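Trainee: Could you have a look at this structure, given as structure tokens, before my questions?
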Amino acid sequence: EIPCPVDSNGMFTSQIPEVAGVHVKKADETLIGIIKQTGRLVQKDQLEHSYPFCWRSDTPLIYKAVPSWFVKVEEIRDKIVENNKKTYWVPNQVKEGRFHSWLTDARDWAVSRNRFWGTPIPIWCNDDLSEVVCIGSVEELHQLSGVKVTDLHKDVVDAITIPSKTKPGEVLRRVDEVFDCWFES
């Protein structure tokens with residue numbers, strides 16, 4: 001697990017007791033004081049720089065490491081390039097131009113996003129990730145869960161569980177993340 005003492009609301013967790021429950025943008029003075037008390041402060045300064053803000057709420061963005069689901073694109077790159085040659089493109093120059101160049105240089109892709117709206121990633125797993133099932137169709141989901149589903153929105157599929165095949169009595173739940181919109185397009 002990735003160590004991160006900041007919760008999803010931007011507040012420090014109990015991992016840093018001196019600032020637990022304090023928003024990361026308001027904890028600077030306390031943290032600088034602790035660093036100074038321990039004799040580890042090299043320099044305290046204030047620098048002006050641009051900072052990213054949410055375009056919706058006009059609040060500062062916080063970058064933090066979060067677990068992500070990846071697709072091993074590099075392993076299938078040649079197959080993707082070959083399939084692109086079979087695809088009918090309008091306009092046709094996209095096939096051999098920009099999109100072809102992008103495919104030939106494609107890297108492994110972090111396809112998950114932590115959002116509510118979006119296409120749910122069709123992966124069900126148990127709590128310790130020792131059993132992971134990637135669902136390939138609505139029919140497969142029905143066969144494994146016993147639930148016939150016609151609405152694939154997050155709020156519907158999140159309620160569906162799949163009985164564990166390896167640990168009787170346990171259930172698999174869908175992962176929280178949704179697909180990166182560029183990946184699914």
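So you can find residues: chains in the structure tokens are A, B, ... in the order shown, residues in each start at 1, and ligands are numbered from 1 in order.
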Just the strand (DSSP E) stuff from stretch 145-174 of chain A, please, per backbone DSSP, written as a list of chain:residue names.
Mentor: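 Strand (DSSP E) members of stretch 145-174 of chain A, listed: A:Thr161, A:Ile162, A:Pro163, A:Val171, A:Leu172, A:Arg173, A:Arg174.
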Trainee: Filtering to N, CA, C and O atoms, could you give me those residues as a compact mmCIF listing (two decimals), in the first residue's frame?
Mentor:
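The result, stored in again.txt:
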```txt
# COMPACT_ATOMS: atom_id res chain seq x y z
N THR A 161 -22.46 -8.12 -6.18
CA THR A 161 -21.33 -8.89 -5.64
C THR A 161 -21.25 -10.23 -6.37
O THR A 161 -22.24 -10.71 -6.93
N ILE A 162 -20.07 -10.81 -6.33
CA ILE A 162 -19.83 -12.12 -6.95
C ILE A 162 -19.29 -13.05 -5.87
O ILE A 162 -18.34 -12.68 -5.17
N PRO A 163 -19.89 -14.22 -5.71
CA PRO A 163 -19.36 -15.16 -4.70
C PRO A 163 -17.93 -15.57 -5.05
O PRO A 163 -17.60 -15.81 -6.20
N VAL A 171 -17.29 -12.55 -0.65
CA VAL A 171 -17.79 -12.03 -1.92
C VAL A 171 -16.74 -11.09 -2.52
O VAL A 171 -15.92 -10.51 -1.81
N LEU A 172 -16.83 -10.97 -3.83
CA LEU A 172 -15.99 -10.02 -4.56
C LEU A 172 -16.83 -8.77 -4.82
O LEU A 172 -18.02 -8.87 -5.11
N ARG A 173 -16.20 -7.62 -4.69
CA ARG A 173 -16.88 -6.34 -4.94
C ARG A 173 -16.16 -5.62 -6.06
O ARG A 173 -14.96 -5.77 -6.24
N ARG A 174 -16.91 -4.77 -6.77
CA ARG A 174 -16.31 -4.03 -7.86
C ARG A 174 -15.35 -2.99 -7.30
O ARG A 174 -15.60 -2.39 -6.27
```
Trainee: Name the residues in contact with A:Glu131 at a cut-off of 10 Å, using only C-alpha atoms, excluding same-chain residues fewer than 3 positions from it; report them as a ChimeraX atom specification.
Mentor: /A:124-128,164-167,171-172
Trainee: Compare A:Ile62, A:Val81, A:Ile2, A:Ile121 by their minimum atom-to-atom distance to A:His23, counting only C-alpha atoms, and give me the closest one.
Mentor: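 Under the stated criterion, the closest residue is A:Ile62.
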Trainee: If we count only C-alpha atoms and set the cut-off at 8 Å, which residues sit around stretch 68-77 of chain A, ignoring sequence neighbours fewer than 5 positions away in its own chain? Please answer as a PyMOL selection string.
Mentor: chain A and resi 103-104+106-113
Trainee: Export, as a PDB file, in the first residue's frame, the selected residues with N, CA and C atoms.
Mentor:
```
ATOM      1  N   LEU A 103       0.062   5.084 -31.584  1.00  0.00           N
ATOM      2  CA  LEU A 103       0.036   3.648 -31.282  1.00  0.00           C
ATOM      3  C   LEU A 103       1.430   3.035 -31.275  1.00  0.00           C
ATOM      4  N   THR A 104       2.276   3.418 -32.228  1.00  0.00           N
ATOM      5  CA  THR A 104       3.611   2.810 -32.301  1.00  0.00           C
ATOM      6  C   THR A 104       4.490   3.214 -31.122  1.00  0.00           C
ATOM      7  N   ALA A 106       3.049   3.835 -28.043  1.00  0.00           N
ATOM      8  CA  ALA A 106       2.190   3.682 -26.859  1.00  0.00           C
ATOM      9  C   ALA A 106       2.930   3.010 -25.700  1.00  0.00           C
ATOM     10  N   ARG A 107       2.666   3.483 -24.520  1.00  0.00           N
ATOM     11  CA  ARG A 107       3.250   2.955 -23.283  1.00  0.00           C
ATOM     12  C   ARG A 107       2.130   2.361 -22.422  1.00  0.00           C
ATOM     13  N   ASP A 108       2.516   1.613 -21.403  1.00  0.00           N
ATOM     14  CA  ASP A 108       1.527   1.109 -20.461  1.00  0.00           C
ATOM     15  C   ASP A 108       0.696   2.286 -19.953  1.00  0.00           C
ATOM     16  N   TRP A 109      -0.597   2.050 -19.778  1.00  0.00           N
ATOM     17  CA  TRP A 109      -1.538   3.136 -19.561  1.00  0.00           C
ATOM     18  C   TRP A 109      -2.257   2.987 -18.220  1.00  0.00           C
ATOM     19  N   ALA A 110      -2.185   4.020 -17.388  1.00  0.00           N
ATOM     20  CA  ALA A 110      -2.976   4.061 -16.155  1.00  0.00           C
ATOM     21  C   ALA A 110      -4.401   4.414 -16.565  1.00  0.00           C
ATOM     22  N   VAL A 111      -5.282   3.428 -16.556  1.00  0.00           N
ATOM     23  CA  VAL A 111      -6.626   3.606 -17.106  1.00  0.00           C
ATOM     24  C   VAL A 111      -7.674   3.977 -16.067  1.00  0.00           C
ATOM     25  N   SER A 112      -7.309   3.989 -14.794  1.00  0.00           N
ATOM     26  CA  SER A 112      -8.309   4.250 -13.761  1.00  0.00           C
ATOM     27  C   SER A 112      -8.307   5.700 -13.311  1.00  0.00           C
ATOM     28  N   ARG A 113      -9.497   6.154 -12.936  1.00  0.00           N
ATOM     29  CA  ARG A 113      -9.669   7.493 -12.380  1.00  0.00           C
ATOM     30  C   ARG A 113     -10.575   7.376 -11.156  1.00  0.00           C
TER      31      ARG A 113
END
```
Trainee: Can you tell me which residues surround A:His142 at a distance of at most 12 Å, considering only C-alpha atoms, apart from same-chain residues fewer than 4 positions away, and format the answer as a list in words?
Mentor: Ile135, Gly136, Ser137, Val138, Gly146, Val147, Lys148, Val149, Thr150, Val157, Ile160, Thr161, Ile162 and Pro163 of chain A
Trainee: Quote the spacing between atom CA of A:Leu152 and atom CA of A:Pro122 in Å to one decimal place.
Mentor: 9.7 Å
Trainee: Figure out the distance between atom CA of A:Thr30 and atom CA of A:Glu18, please, to one decimal in Å.
Mentor: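 Here the two named atoms are 7.8 Å from each other.
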Trainee: To one decimal in Å, tell me the separation between atom CA of A:Ile34 and atom CA of A:Pro5.
Mentor: 16.2 Å
Trainee: So that I can see what lies close to A:Leu31, please list as a list in words the residues with an atom at most 8 Å from it, counting only C-alpha atoms and leaving out residues fewer than 4 positions away in the same chain.
Mentor: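 Those residues are Val19, Ala27 and Ile35 of chain A.
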Trainee: Considering only C-alpha atoms, state which residue in the set A:Trp182, A:Trp89, A:Tyr63, A:Trp117 is at the smallest distance from A:Val6.
Mentor: A:Tyr63
Trainee: Which residues come within 12 Å of A:Gln15, counting only C-alpha atoms, excluding same-chain residues fewer than 5 positions away, as a short mmCIF file (atom, residue, chain, number, x, y, z; two decimals) with C-alpha atoms, in the first residue's frame?
Mentor:
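Final output, result-v7.cif:
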```
data_model
loop_
_atom_site.label_atom_id
_atom_site.label_comp_id
_atom_site.auth_asym_id
_atom_site.auth_seq_id
_atom_site.Cartn_x
_atom_site.Cartn_y
_atom_site.Cartn_z
CA PRO A 3 1.84 5.48 2.34
CA CYS A 4 -0.20 8.68 2.27
CA PRO A 5 -1.09 10.59 5.44
CA VAL A 6 -3.69 12.69 3.58
CA ASP A 7 -7.33 11.61 3.20
CA ALA A 20 -4.44 15.15 12.21
CA GLY A 21 -7.69 16.61 10.88
#
```
